[in-house]
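Novice: Structure: entry23.tsv, TSV, C-alpha atoms and all ligand atoms.
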chain	number	residue	atom	x	y	z
A	1	MET	CA	-0.68	-26.36	-5.80
A	2	ARG	CA	2.13	-25.43	-3.39
A	3	VAL	CA	1.48	-22.09	-1.65
A	4	ALA	CA	2.93	-20.13	1.28
A	5	GLY	CA	0.40	-19.65	4.03
A	6	ILE	CA	-0.99	-20.70	7.39
A	7	GLY	CA	-2.73	-23.84	8.59
A	8	ARG	CA	-4.64	-21.96	11.31
A	9	ALA	CA	-4.85	-18.37	12.60
A	10	GLY	CA	-1.63	-17.44	14.37
A	11	ALA	CA	0.38	-20.36	12.98
A	12	SER	CA	3.83	-19.86	11.44
A	13	VAL	CA	4.01	-19.31	7.69
A	14	GLU	CA	4.88	-22.52	5.87
A	15	VAL	CA	4.76	-24.01	2.40
A	16	MET	CA	1.62	-26.10	2.12
A	17	GLU	CA	-0.34	-28.05	-0.46
A	18	THR	CA	-3.79	-26.81	-1.49
A	19	GLY	CA	-6.06	-28.18	-4.15
A	20	GLU	CA	-5.81	-26.97	-7.74
A	21	PRO	CA	-7.81	-23.76	-8.45
A	22	ARG	CA	-11.53	-24.49	-8.78
A	23	PRO	CA	-13.50	-23.70	-11.99
A	24	LEU	CA	-13.99	-19.94	-12.50
A	25	ALA	CA	-17.22	-18.07	-11.78
A	26	ASP	CA	-18.45	-15.87	-14.62
A	27	ASP	CA	-16.83	-12.67	-13.25
A	28	GLU	CA	-13.43	-14.19	-12.37
A	29	VAL	CA	-10.03	-14.62	-13.97
A	30	LEU	CA	-7.28	-17.12	-13.25
A	31	LEU	CA	-3.84	-15.51	-12.98
A	32	GLU	CA	-0.45	-17.13	-13.26
A	33	VAL	CA	1.29	-15.18	-10.49
A	34	ALA	CA	4.66	-13.66	-11.46
A	35	ALA	CA	5.25	-11.93	-8.11
A	36	ALA	CA	3.28	-11.12	-4.96
A	37	GLY	CA	3.73	-8.28	-2.47
A	38	VAL	CA	4.62	-8.81	1.19
A	39	GLY	CA	3.63	-6.14	3.71
A	40	ASN	CA	3.32	-5.93	7.45
A	41	TRP	CA	-0.45	-6.03	6.83
A	42	ASP	CA	0.07	-9.74	5.99
A	43	GLU	CA	1.09	-10.19	9.62
A	44	PHE	CA	-2.35	-8.86	10.64
A	45	VAL	CA	-3.93	-11.52	8.41
A	46	ARG	CA	-1.66	-14.22	9.84
A	47	VAL	CA	-2.76	-13.52	13.42
A	48	GLY	CA	-6.44	-13.13	12.53
A	49	GLY	CA	-6.55	-9.33	12.83
A	50	TRP	CA	-7.67	-8.58	9.25
A	51	ASP	CA	-10.53	-10.50	7.61
A	52	VAL	CA	-9.56	-10.84	3.94
A	53	GLY	CA	-12.44	-13.14	3.04
A	54	ALA	CA	-10.74	-16.54	3.36
A	55	VAL	CA	-10.13	-18.73	6.38
A	56	PRO	CA	-7.13	-20.97	7.12
A	57	PRO	CA	-5.77	-23.23	5.87
A	58	MET	CA	-4.99	-20.64	3.21
A	59	ALA	CA	-2.28	-18.92	1.20
A	60	LEU	CA	-1.51	-15.46	2.57
A	61	GLY	CA	-1.01	-12.38	0.38
A	62	VAL	CA	-3.33	-9.59	-0.76
A	63	GLU	CA	-1.60	-8.15	-3.85
A	64	ALA	CA	0.02	-9.64	-6.95
A	65	ALA	CA	1.06	-9.17	-10.54
A	66	GLY	CA	0.80	-11.88	-13.17
A	67	THR	CA	-0.53	-13.09	-16.49
A	68	VAL	CA	-4.16	-13.91	-17.23
A	69	ALA	CA	-4.36	-17.68	-17.86
A	70	ALA	CA	-8.14	-18.08	-18.22
A	71	VAL	CA	-11.30	-15.94	-17.96
A	72	GLY	CA	-14.83	-16.59	-16.72
A	73	GLY	CA	-17.82	-16.66	-19.05
A	74	ALA	CA	-18.86	-13.02	-18.54
A	75	VAL	CA	-15.37	-11.45	-18.67
A	76	THR	CA	-14.91	-9.28	-21.74
A	77	ASP	CA	-12.19	-6.81	-20.65
A	78	TRP	CA	-9.35	-9.33	-20.26
A	79	THR	CA	-7.96	-12.14	-22.36
A	80	PRO	CA	-5.37	-14.85	-21.69
A	81	GLY	CA	-1.86	-13.43	-21.93
A	82	ASP	CA	-2.71	-9.99	-20.48
A	83	ALA	CA	-0.21	-8.75	-17.88
A	84	VAL	CA	-2.06	-7.37	-14.84
A	85	LEU	CA	-1.83	-6.38	-11.18
A	86	THR	CA	-4.48	-6.58	-8.46
A	87	HIS	CA	-5.55	-6.15	-4.83
A	88	PRO	CA	-8.22	-8.88	-5.08
A	89	LEU	CA	-10.18	-8.55	-1.83
A	90	PRO	CA	-12.26	-10.15	-0.51
A	91	LEU	CA	-10.29	-13.20	-1.64
A	92	ARG	CA	-12.32	-15.51	-3.83
A	93	ASP	CA	-10.25	-18.60	-2.99
A	94	GLN	CA	-6.59	-18.43	-1.88
A	95	GLY	CA	-4.27	-15.50	-1.16
A	96	THR	CA	-1.65	-14.28	-3.62
A	97	TRP	CA	1.39	-16.16	-2.26
A	98	ALA	CA	0.71	-18.94	-4.72
A	99	PRO	CA	1.54	-19.88	-8.31
A	100	MET	CA	-2.09	-19.37	-9.43
A	101	LEU	CA	-4.72	-16.90	-8.19
A	102	ILE	CA	-8.46	-16.54	-8.76
A	103	ALA	CA	-9.36	-12.83	-8.80
A	104	PRO	CA	-12.45	-10.77	-9.69
A	105	ALA	CA	-11.97	-9.33	-13.18
A	106	ALA	CA	-13.25	-5.92	-11.98
A	107	LEU	CA	-10.25	-5.53	-9.66
A	108	LEU	CA	-7.51	-5.93	-12.30
A	109	ALA	CA	-5.36	-3.20	-13.80
A	110	ARG	CA	-3.05	-3.56	-16.76
A	111	LYS	CA	0.63	-3.89	-15.79
A	112	PRO	CA	2.63	-1.15	-17.50
A	113	PRO	CA	5.30	-2.74	-19.73
A	114	SER	CA	7.95	-0.39	-18.31
A	115	VAL	CA	7.47	-1.69	-14.77
A	116	SER	CA	9.05	-4.89	-13.42
A	117	TRP	CA	6.88	-7.76	-12.18
A	118	GLU	CA	8.29	-7.21	-8.69
A	119	ALA	CA	7.45	-3.50	-8.57
A	120	ALA	CA	4.00	-4.15	-10.06
A	121	ALA	CA	3.27	-6.79	-7.41
A	122	ALA	CA	4.19	-4.44	-4.55
A	123	PHE	CA	2.20	-1.50	-5.96
A	124	PRO	CA	-1.54	-2.12	-5.37
A	125	VAL	CA	-1.88	-1.84	-1.57
A	126	PRO	CA	0.45	1.14	-0.98
A	127	ALA	CA	-0.82	3.00	-4.06
A	128	LEU	CA	-4.52	2.49	-3.29
A	129	THR	CA	-3.92	3.47	0.33
A	130	ALA	CA	-2.12	6.68	-0.62
A	131	GLU	CA	-4.76	7.62	-3.20
A	132	GLN	CA	-7.61	6.96	-0.78
A	133	VAL	CA	-5.93	9.05	1.94
A	134	LEU	CA	-5.45	12.02	-0.38
A	135	SER	CA	-8.59	11.83	-2.55
A	136	ASP	CA	-11.27	10.23	-0.42
A	137	ALA	CA	-10.28	11.35	3.11
A	138	LEU	CA	-8.19	14.52	2.98
A	139	ARG	CA	-9.50	15.77	-0.41
A	140	ILE	CA	-6.28	17.66	-1.12
A	141	ARG	CA	-6.67	20.86	-3.13
A	142	ALA	CA	-3.98	22.48	-5.28
A	143	GLY	CA	-1.86	24.98	-3.38
A	144	GLU	CA	-2.54	23.57	0.09
A	145	HIS	CA	0.24	22.85	2.56
A	146	VAL	CA	0.32	19.06	2.97
A	147	LEU	CA	2.39	17.19	5.54
A	148	VAL	CA	3.44	13.56	4.95
A	149	HIS	CA	4.84	12.06	8.16
A	150	GLY	CA	6.84	8.86	7.54
A	151	ALA	CA	7.64	9.68	3.90
A	152	GLY	CA	10.69	7.38	3.83
A	153	GLY	CA	8.52	4.26	3.52
A	154	VAL	CA	6.94	2.72	0.43
A	155	THR	CA	3.45	4.08	1.14
A	156	GLY	CA	4.90	7.32	2.51
A	157	GLY	CA	6.78	7.92	-0.74
A	158	LEU	CA	3.64	7.38	-2.80
A	159	LEU	CA	1.79	9.85	-0.53
A	160	VAL	CA	4.43	12.48	-1.32
A	161	ALA	CA	4.35	11.84	-5.07
A	162	LEU	CA	0.55	11.81	-5.31
A	163	ALA	CA	0.12	14.88	-3.09
A	164	ALA	CA	2.62	16.80	-5.22
A	165	LEU	CA	0.82	15.67	-8.40
A	166	ARG	CA	-2.41	17.12	-6.94
A	167	GLY	CA	-0.65	20.46	-6.56
A	168	GLY	CA	-0.07	20.24	-2.81
A	169	GLN	CA	2.90	22.06	-1.27
A	170	VAL	CA	4.40	19.03	0.42
A	171	THR	CA	6.46	19.01	3.59
A	172	ALA	CA	7.67	15.56	4.58
A	173	THR	CA	9.40	13.88	7.49
A	174	ALA	CA	12.10	11.32	6.74
A	175	GLY	CA	15.36	10.02	8.14
A	176	PRO	CA	18.70	11.13	6.68
A	177	SER	CA	19.03	8.14	4.33
A	178	SER	CA	15.61	8.80	2.73
A	179	ARG	CA	15.95	12.56	2.44
A	180	ALA	CA	17.17	12.77	-1.17
A	181	ARG	CA	14.59	10.30	-2.47
A	182	VAL	CA	11.71	12.11	-0.71
A	183	SER	CA	12.84	15.46	-2.16
A	184	ALA	CA	12.98	13.94	-5.64
A	185	LEU	CA	9.42	12.68	-5.21
A	186	GLY	CA	8.22	16.26	-4.81
A	187	ALA	CA	8.60	17.36	-1.19
A	188	ARG	CA	9.62	21.04	-0.89
A	189	HIS	CA	10.83	20.59	2.67
A	190	VAL	CA	12.14	17.40	4.26
A	191	ILE	CA	12.44	17.44	8.04
A	192	ASP	CA	14.21	14.77	10.09
A	193	TYR	CA	11.65	13.11	12.34
A	194	HIS	CA	14.43	12.28	14.81
A	195	ASP	CA	14.37	15.96	15.86
A	196	GLN	CA	11.98	16.16	18.80
A	197	ASP	CA	10.68	19.53	17.62
A	198	TRP	CA	9.88	18.43	14.06
A	199	PRO	CA	6.17	19.48	14.32
A	200	GLU	CA	7.31	23.01	15.22
A	201	GLN	CA	9.68	22.93	12.23
A	202	VAL	CA	6.70	22.08	10.02
A	203	ARG	CA	4.82	25.08	11.41
A	204	ALA	CA	7.83	27.28	10.68
A	205	VAL	CA	7.78	26.35	6.97
A	206	THR	CA	3.99	26.68	6.67
A	207	ASP	CA	3.63	30.38	7.53
A	208	GLY	CA	3.42	29.53	11.23
A	209	HIS	CA	-0.09	28.08	10.85
A	210	GLY	CA	0.73	24.42	10.25
A	211	ALA	CA	-0.29	22.15	7.37
A	212	ALA	CA	-3.87	22.34	6.11
A	213	ALA	CA	-3.83	18.55	5.72
A	214	ALA	CA	-1.56	15.81	7.01
A	215	ALA	CA	-1.09	12.11	6.28
A	216	SER	CA	0.67	10.00	8.89
A	217	ALA	CA	2.32	6.77	7.72
A	218	ALA	CA	4.63	6.45	10.74
A	219	PRO	CA	3.53	3.80	13.24
A	220	GLY	CA	2.39	5.60	16.40
A	221	GLY	CA	3.12	8.92	14.70
A	222	ALA	CA	-0.30	10.55	14.41
A	223	ALA	CA	-0.20	12.15	17.90
A	224	ALA	CA	2.92	14.10	16.90
A	225	ALA	CA	1.62	14.82	13.39
A	226	ILE	CA	-1.53	16.53	14.67
A	227	ARG	CA	0.70	19.13	16.38
A	228	ALA	CA	1.82	20.21	12.90
A	229	VAL	CA	-1.75	20.63	11.55
A	230	ALA	CA	-3.42	24.04	11.31
A	231	ASP	CA	-6.55	24.79	13.36
A	232	GLY	CA	-9.57	23.43	11.46
A	233	GLY	CA	-7.35	21.22	9.26
A	234	ARG	CA	-7.49	17.50	8.41
A	235	LEU	CA	-5.35	14.57	9.55
A	236	ALA	CA	-5.46	11.02	8.16
A	237	THR	CA	-3.54	8.14	9.68
A	238	ILE	CA	-2.94	4.73	8.10
A	239	THR	CA	-1.41	3.17	11.23
A	240	SER	CA	-4.53	2.75	13.39
A	241	ASP	CA	-3.51	5.45	15.86
A	242	PRO	CA	-6.05	8.28	15.43
A	243	PRO	CA	-5.63	10.95	18.08
A	244	ALA	CA	-8.64	12.64	19.68
A	245	GLU	CA	-9.94	15.52	17.60
A	246	GLN	CA	-8.69	18.93	18.77
A	247	ARG	CA	-8.60	22.55	17.53
A	248	GLY	CA	-11.33	21.76	15.01
A	249	ILE	CA	-9.11	19.25	13.18
A	250	THR	CA	-10.97	16.39	11.48
A	251	VAL	CA	-9.25	13.01	11.97
A	252	TYR	CA	-9.57	10.09	9.53
A	253	ASN	CA	-8.51	6.50	10.27
A	254	VAL	CA	-7.94	5.03	6.79
A	255	TYR	CA	-7.79	1.35	5.78
A	256	VAL	CA	-7.12	0.31	2.19
A	257	ARG	CA	-10.13	-0.61	0.07
A	258	PRO	CA	-10.03	-2.59	-3.21
A	259	ASP	CA	-10.97	-0.36	-6.16
A	260	GLY	CA	-10.36	-1.41	-9.75
A	261	ARG	CA	-10.99	2.02	-11.27
A	262	GLN	CA	-8.56	3.75	-8.91
A	263	LEU	CA	-5.97	1.01	-9.46
A	264	ARG	CA	-6.20	1.40	-13.25
A	265	ASP	CA	-5.68	5.20	-12.96
A	266	LEU	CA	-2.75	4.69	-10.60
A	267	ALA	CA	-1.19	2.04	-12.85
A	268	THR	CA	-1.30	4.48	-15.76
A	269	ARG	CA	0.65	7.02	-13.68
A	270	PHE	CA	3.02	4.25	-12.62
A	271	GLY	CA	3.71	3.39	-16.25
A	272	GLY	CA	4.21	7.06	-17.06
A	273	GLY	CA	6.98	7.33	-14.48
A	274	GLN	CA	5.07	9.63	-12.11
A	275	LEU	CA	5.05	6.98	-9.35
A	276	GLU	CA	7.68	4.50	-8.28
A	277	ILE	CA	8.14	1.48	-6.02
A	278	PRO	CA	11.63	0.81	-4.70
A	279	VAL	CA	12.02	-2.96	-4.46
A	280	ALA	CA	14.42	-3.97	-1.68
A	281	ALA	CA	14.42	-7.75	-2.17
A	282	SER	CA	12.56	-10.68	-3.65
A	283	TYR	CA	12.27	-14.11	-2.04
A	284	ARG	CA	11.06	-17.49	-3.31
A	285	LEU	CA	7.82	-18.92	-1.86
A	286	PRO	CA	9.61	-21.34	0.51
A	287	ASP	CA	11.25	-18.29	2.13
A	288	ALA	CA	7.94	-16.51	2.75
A	289	ALA	CA	8.35	-16.65	6.55
A	290	ARG	CA	11.69	-14.85	6.23
A	291	ALA	CA	10.18	-12.29	3.86
A	292	LEU	CA	7.37	-11.58	6.32
A	293	ALA	CA	9.81	-11.30	9.22
A	294	ARG	CA	11.77	-8.73	7.22
A	295	VAL	CA	8.76	-6.43	6.75
A	296	THR	CA	7.53	-6.79	10.33
A	297	GLY	CA	11.04	-6.04	11.59
A	298	GLY	CA	10.76	-2.54	10.05
A	299	GLY	CA	13.20	-0.63	7.89
A	300	ALA	CA	13.23	-3.10	4.98
A	301	GLY	CA	14.48	-0.24	2.80
A	302	GLY	CA	11.80	-0.73	0.17
A	303	ALA	CA	9.21	-3.25	-0.92
A	304	ILE	CA	9.59	-7.00	-0.35
A	305	VAL	CA	8.11	-9.46	-2.85
A	306	LEU	CA	7.71	-13.20	-3.31
A	307	VAL	CA	8.31	-14.97	-6.59
A	308	PRO	CA	6.65	-18.39	-7.01
A	401	LIG	N1	-4.17	1.40	6.79
A	401	LIG	C1	-3.79	0.76	5.67
A	401	LIG	O1	-4.63	0.31	4.89
A	401	LIG	C2	-2.33	0.66	5.37
A	401	LIG	C3	-1.91	0.43	4.05
A	401	LIG	C4	-0.54	0.43	3.78
A	401	LIG	C5	0.37	0.60	4.81
A	401	LIG	N2	-0.09	0.76	6.08
A	401	LIG	C6	0.86	0.95	7.20
A	401	LIG	O2	1.54	2.19	7.02
A	401	LIG	C7	2.84	2.09	7.59
A	401	LIG	C8	3.83	2.62	6.57
A	401	LIG	O3	3.80	1.82	5.43
A	401	LIG	P1	5.00	1.83	4.40
A	401	LIG	O4	4.63	1.00	3.25
A	401	LIG	O5	5.41	3.23	4.10
A	401	LIG	O6	6.10	1.10	5.31
A	401	LIG	P2	7.66	0.90	5.12
A	401	LIG	O7	8.03	0.98	3.71
A	401	LIG	O8	8.04	-0.31	5.90
A	401	LIG	O9	8.23	2.21	5.88
A	401	LIG	C9	9.33	2.13	6.70
A	401	LIG	C10	9.92	3.55	6.82
A	401	LIG	O10	9.11	4.35	7.67
A	401	LIG	C11	9.93	5.36	8.22
A	401	LIG	N3	9.70	5.47	9.65
A	401	LIG	C12	9.81	4.50	10.58
A	401	LIG	N4	9.55	5.00	11.81
A	401	LIG	C13	9.27	6.31	11.65
A	401	LIG	C14	8.93	7.36	12.54
A	401	LIG	N5	8.84	7.16	13.85
A	401	LIG	N6	8.69	8.58	12.01
A	401	LIG	C15	8.78	8.79	10.69
A	401	LIG	N7	9.10	7.84	9.79
A	401	LIG	C16	9.35	6.62	10.27
A	401	LIG	C17	11.40	4.95	7.98
A	401	LIG	O11	11.88	5.80	6.95
A	401	LIG	P3	13.28	6.59	6.99
A	401	LIG	O12	14.13	5.89	5.96
A	401	LIG	O13	12.91	7.96	6.58
A	401	LIG	O14	13.84	6.53	8.37
A	401	LIG	C18	11.28	3.54	7.46
A	401	LIG	O15	12.28	3.23	6.51
A	401	LIG	C19	3.04	0.63	7.99
A	401	LIG	O16	2.84	0.53	9.39
A	401	LIG	C20	1.93	-0.10	7.24
A	401	LIG	O17	1.46	-1.24	7.92
A	401	LIG	C21	-1.40	0.81	6.38
How does the structure come out when it is put into structure tokens?
Specialist:
Amino acid sequence: MRVAGIGRAGASVEVMETGEPRPLADDEVLLEVAAAGVGNWDEFVRVGGWDVGAVPPMALGVEAAGTVAAVGGAVTDWTPGDAVLTHPLPLRDQGTWAPMLIAPAALLARKPPSVSWEAAAAFPVPALTAEQVLSDALRIRAGEHVLVHGAGGVTGGLLVALAALRGGQVTATAGPSSRARVSALGARHVIDYHDQDWPEQVRAVTDGHGAAAAASAAPGGAAAAIRAVADGGRLATITSDPPAEQRGITVYNVYVRPDGRQLRDLATRFGGGQLEIPVAASYRLPDAARALARVTGGGAGGAIVLVP
């Protein structure tokens, strides 16, 4: 099987030959991959900064959408031909940048028919991250003022949509080109993060107190975001930059966690049109290095996917 991956930690991404997928364990499925997501988190895997359960030589990739080709002996929920998406960590064999993928059946969600393969492939990591920030860490309640810093990105946009669906009064930061999209996702106020005083602008639109809860999806942005949080509030960052706690604010440093039940709930909302993934570009597997460079370069303008 020809995959896109690394021969050793830190090596450049290349197309490489691996063996054919091994026989399935009882709780596994074999997927024919239709598309796989590419995120800057894959760069952390490439350099050895995120243990995803496999060691090089290996295919990279931690999310995919595809068709069930075979099921293990104890799998009753899925049958060959089902269209699914997954964040299948820890990896059972290879990563998702491959034509075939072995995944635990418990971590699959049905792909909504209305959603493209590309959008479905780029959905699991950002959607699970956003849900876990809002539900598990911040525990957003209806009516609360919620700040999403870095709302112009893929994960940032899902944070806005999911916070609004929970009844939060969302204020977001975004650049001028993302403003209209972020408003349409449910933000009542959109503030340009290029303004140095944007945290003070957030305070001005939240009765002067600041947001009760804030999610920061802007790299290096949590130190500014905490200035916009009310005394005794909550701040979650997804960019590994938690500031020291201050003014009674609780700080959460969130990393995505595989969760089949959450993914199935999120996929239902995705299919219902409540959530969206803007796909900026898709690349073929031999161009995986270019795809990865595009996401690590920042400002891809949406999700990047690989098609085998
Ligand atoms: N911890 C985890 O498990 C986890 C999971 C998923 C993602 N992440 C991380 O979260 C970050 C965001 O992910 P994403 O999917 O939203 O990325 P993305 O789609 O690449 O987001 C890029 C957008 O972020 C906005 N941005 C850039 N710099 C900013 C700044 N200084 N202040 C405010 N906004 C800024 C820009 O939007 P404008 O168009 O508005 O300028 C840019 O277009 C990435 O660093 C990613 O690695 C972490």
Novice: Let me have all residues with an atom within 9 Å of ligand LIG 401 (chain A), counting all atoms listed in the file, laid out as a PyMOL selection string.
Specialist: chain A and resi 39-42+44+125-130+149-159+173-179+182+192-194+216-221+237-240+253-257+295-303
Novice: Could you name the residues that touch region 74-85 of chain A at 8 Å or less, counting all atoms listed in the file, but leaving out those on the same chain fewer than 4 positions away, as a PDB file with C-alpha atoms, keeping the file's coordinate frame?
Specialist:
ATOM      1  CA  ASP A  26     -18.450 -15.870 -14.620  1.00  0.00           C
ATOM      2  CA  ASP A  27     -16.830 -12.670 -13.250  1.00  0.00           C
ATOM      3  CA  GLU A  28     -13.430 -14.190 -12.370  1.00  0.00           C
ATOM      4  CA  VAL A  29     -10.030 -14.620 -13.970  1.00  0.00           C
ATOM      5  CA  GLU A  63      -1.600  -8.150  -3.850  1.00  0.00           C
ATOM      6  CA  ALA A  64       0.020  -9.640  -6.950  1.00  0.00           C
ATOM      7  CA  ALA A  65       1.060  -9.170 -10.540  1.00  0.00           C
ATOM      8  CA  GLY A  66       0.800 -11.880 -13.170  1.00  0.00           C
ATOM      9  CA  THR A  67      -0.530 -13.090 -16.490  1.00  0.00           C
ATOM     10  CA  VAL A  68      -4.160 -13.910 -17.230  1.00  0.00           C
ATOM     11  CA  ALA A  69      -4.360 -17.680 -17.860  1.00  0.00           C
ATOM     12  CA  ALA A  70      -8.140 -18.080 -18.220  1.00  0.00           C
ATOM     13  CA  ALA A 105     -11.970  -9.330 -13.180  1.00  0.00           C
ATOM     14  CA  LEU A 108      -7.510  -5.930 -12.300  1.00  0.00           C
ATOM     15  CA  ALA A 109      -5.360  -3.200 -13.800  1.00  0.00           C
ATOM     16  CA  ARG A 110      -3.050  -3.560 -16.760  1.00  0.00           C
ATOM     17  CA  LYS A 111       0.630  -3.890 -15.790  1.00  0.00           C
ATOM     18  CA  ALA A 120       4.000  -4.150 -10.060  1.00  0.00           C
ATOM     19  CA  ALA A 121       3.270  -6.790  -7.410  1.00  0.00           C
ATOM     20  CA  PRO A 124      -1.540  -2.120  -5.370  1.00  0.00           C
TER      21      PRO A 124
END
Novice: Which centre and edge lengths in Å to one decimal define the box along x, y and z that fits every listed atom of region 285-295 of chain A plus 8 Å per side, as AutoDock Vina command-line options?
Specialist:
--center_x 9.6 --center_y -13.9 --center_z 3.7 --size_x 20.4 --size_y 30.9 --size_z 27.1
Novice: Quick one: distance from CA of Arg234 (chain A) to CA of Ile277 (chain A) in Å, one decimal?
Specialist: 26.6 Å
Novice: Extract, using all atoms listed in the file, all DNA, RNA and protein residues at most 6 Å from region 185-187 of chain A, discarding same-chain residues fewer than 2 positions from it, and format them as an NGL selection string.
Specialist: :A and (161 or 164 or 170-171 or 182-183 or 189)
Novice: Ranking A:Val15, A:Tyr283, A:Ala172, A:Gly167 by minimum distance to Ile191 (chain A) and counting all atoms listed in the file, which one comes first?
Specialist: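 Closest candidate: A:Ala172.
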Novice: Tell me, in Å to one decimal, how far CA of His209 (chain A) is from CA of Ala137 (chain A).
Specialist: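 These two atoms are separated by 21.1 Å.
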Novice: Using all atoms listed in the file, what does the table of region 208-300 of chain A residues within 10 Å of region 114-119 of chain A look like, with each row giving the shortest atom pair and its distance in Å to one decimal, sorted by chain and ascending number, as a tab-separated table?
Specialist:
residue	atom	partner	partner_atom	distance
A:Ala267	CA	A:Val115	CA	9.6
A:Phe270	CA	A:Val115	CA	7.7
A:Gly271	CA	A:Ser114	CA	6.0
A:Gly272	CA	A:Ser114	CA	8.4
A:Gly273	CA	A:Ser114	CA	8.7
A:Glu276	CA	A:Ala119	CA	8.0
A:Ile277	CA	A:Ala119	CA	5.6
A:Pro278	CA	A:Ala119	CA	7.1
A:Val279	CA	A:Ala119	CA	6.2
A:Ala280	CA	A:Ala119	CA	9.8
A:Ala281	CA	A:Glu118	CA	9.0
A:Ser282	CA	A:Glu118	CA	7.5
Novice: Separation of CA of Ala222 (chain A) and CA of Val251 (chain A), in Å?
Specialist: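 Answer for the CA of Ala222 (chain A) to CA of Val251 (chain A) separation: 9.6 Å.
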Novice: With only C-alpha atoms as the basis for distance, which of A:Gly53, A:Gly48, A:Pro88, A:Pro286 is at the shortest distance from Val307 (chain A)?
Specialist: A:Pro286
Novice: Step by step: start from the point (-8.8, -27.4, -8.1) in the file's coordinates, keep every protein, DNA or RNA residue that has an atom no farther than 12 Å from it, count only C-alpha atoms, and write the set as a PDB file with C-alpha atoms, keeping the file's coordinate frame.
Specialist:
ATOM      1  CA  MET A   1      -0.680 -26.360  -5.800  1.00  0.00           C
ATOM      2  CA  GLU A  17      -0.340 -28.050  -0.460  1.00  0.00           C
ATOM      3  CA  THR A  18      -3.790 -26.810  -1.490  1.00  0.00           C
ATOM      4  CA  GLY A  19      -6.060 -28.180  -4.150  1.00  0.00           C
ATOM      5  CA  GLU A  20      -5.810 -26.970  -7.740  1.00  0.00           C
ATOM      6  CA  PRO A  21      -7.810 -23.760  -8.450  1.00  0.00           C
ATOM      7  CA  ARG A  22     -11.530 -24.490  -8.780  1.00  0.00           C
ATOM      8  CA  PRO A  23     -13.500 -23.700 -11.990  1.00  0.00           C
ATOM      9  CA  LEU A  24     -13.990 -19.940 -12.500  1.00  0.00           C
ATOM     10  CA  LEU A  30      -7.280 -17.120 -13.250  1.00  0.00           C
ATOM     11  CA  ASP A  93     -10.250 -18.600  -2.990  1.00  0.00           C
ATOM     12  CA  GLN A  94      -6.590 -18.430  -1.880  1.00  0.00           C
ATOM     13  CA  MET A 100      -2.090 -19.370  -9.430  1.00  0.00           C
ATOM     14  CA  LEU A 101      -4.720 -16.900  -8.190  1.00  0.00           C
ATOM     15  CA  ILE A 102      -8.460 -16.540  -8.760  1.00  0.00           C
TER      16      ILE A 102
END
Novice: With the cut-off set at 9 Å and counting all atoms listed in the file, tabulate each residue of region 157-265 of chain A with an atom at most that distance from an atom of region 139-147 of chain A, showing the nearest atom pair and its distance in Å to one decimal, ordered by chain and increasing number, as JSON lines.
Specialist:
{"residue": "A:Val160", "atom": "CA", "partner": "A:Leu147", "partner_atom": "CA", "distance": 8.6}
{"residue": "A:Ala163", "atom": "CA", "partner": "A:Ile140", "partner_atom": "CA", "distance": 7.3}
{"residue": "A:Ala164", "atom": "CA", "partner": "A:Ala142", "partner_atom": "CA", "distance": 8.7}
{"residue": "A:Leu165", "atom": "CA", "partner": "A:Ala142", "partner_atom": "CA", "distance": 8.9}
{"residue": "A:Arg166", "atom": "CA", "partner": "A:Ala142", "partner_atom": "CA", "distance": 5.8}
{"residue": "A:Gly167", "atom": "CA", "partner": "A:Ala142", "partner_atom": "CA", "distance": 4.1}
{"residue": "A:Gly168", "atom": "CA", "partner": "A:Glu144", "partner_atom": "CA", "distance": 5.1}
{"residue": "A:Gln169", "atom": "CA", "partner": "A:His145", "partner_atom": "CA", "distance": 4.7}
{"residue": "A:Val170", "atom": "CA", "partner": "A:Val146", "partner_atom": "CA", "distance": 4.8}
{"residue": "A:Thr171", "atom": "CA", "partner": "A:Leu147", "partner_atom": "CA", "distance": 4.9}
{"residue": "A:Ala172", "atom": "CA", "partner": "A:Leu147", "partner_atom": "CA", "distance": 5.6}
{"residue": "A:Thr173", "atom": "CA", "partner": "A:Leu147", "partner_atom": "CA", "distance": 8.0}
{"residue": "A:Val202", "atom": "CA", "partner": "A:Leu147", "partner_atom": "CA", "distance": 7.9}
{"residue": "A:Thr206", "atom": "CA", "partner": "A:His145", "partner_atom": "CA", "distance": 6.8}
{"residue": "A:Gly210", "atom": "CA", "partner": "A:His145", "partner_atom": "CA", "distance": 7.9}
{"residue": "A:Ala211", "atom": "CA", "partner": "A:His145", "partner_atom": "CA", "distance": 4.9}
{"residue": "A:Ala212", "atom": "CA", "partner": "A:His145", "partner_atom": "CA", "distance": 5.5}
{"residue": "A:Ala213", "atom": "CA", "partner": "A:Val146", "partner_atom": "CA", "distance": 5.0}
{"residue": "A:Ala214", "atom": "CA", "partner": "A:Leu147", "partner_atom": "CA", "distance": 4.4}
{"residue": "A:Ala215", "atom": "CA", "partner": "A:Leu147", "partner_atom": "CA", "distance": 6.2}
{"residue": "A:Ser216", "atom": "CA", "partner": "A:Leu147", "partner_atom": "CA", "distance": 8.1}
{"residue": "A:Ala225", "atom": "CA", "partner": "A:Leu147", "partner_atom": "CA", "distance": 8.2}
{"residue": "A:Ala228", "atom": "CA", "partner": "A:Leu147", "partner_atom": "CA", "distance": 8.0}
{"residue": "A:Val229", "atom": "CA", "partner": "A:Leu147", "partner_atom": "CA", "distance": 8.1}
Novice: Compare A:Leu235, A:Glu131, A:Ala34, A:Leu91 by their minimum atom-to-atom distance to Val148 (chain A), counting only C-alpha atoms, and give me the closest one.
Specialist: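 Among the listed residues, the smallest separation from Val148 (chain A) belongs to A:Leu235.
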Novice: Find the residue from A:Ala36, A:Leu134, A:Val305, A:Leu89 that sits nearest to Trp50 (chain A); use all atoms listed in the file when measuring.
Specialist: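 Between A:Ala36, A:Leu134, A:Val305, A:Leu89, the residue approaching Trp50 (chain A) most closely is A:Leu89.
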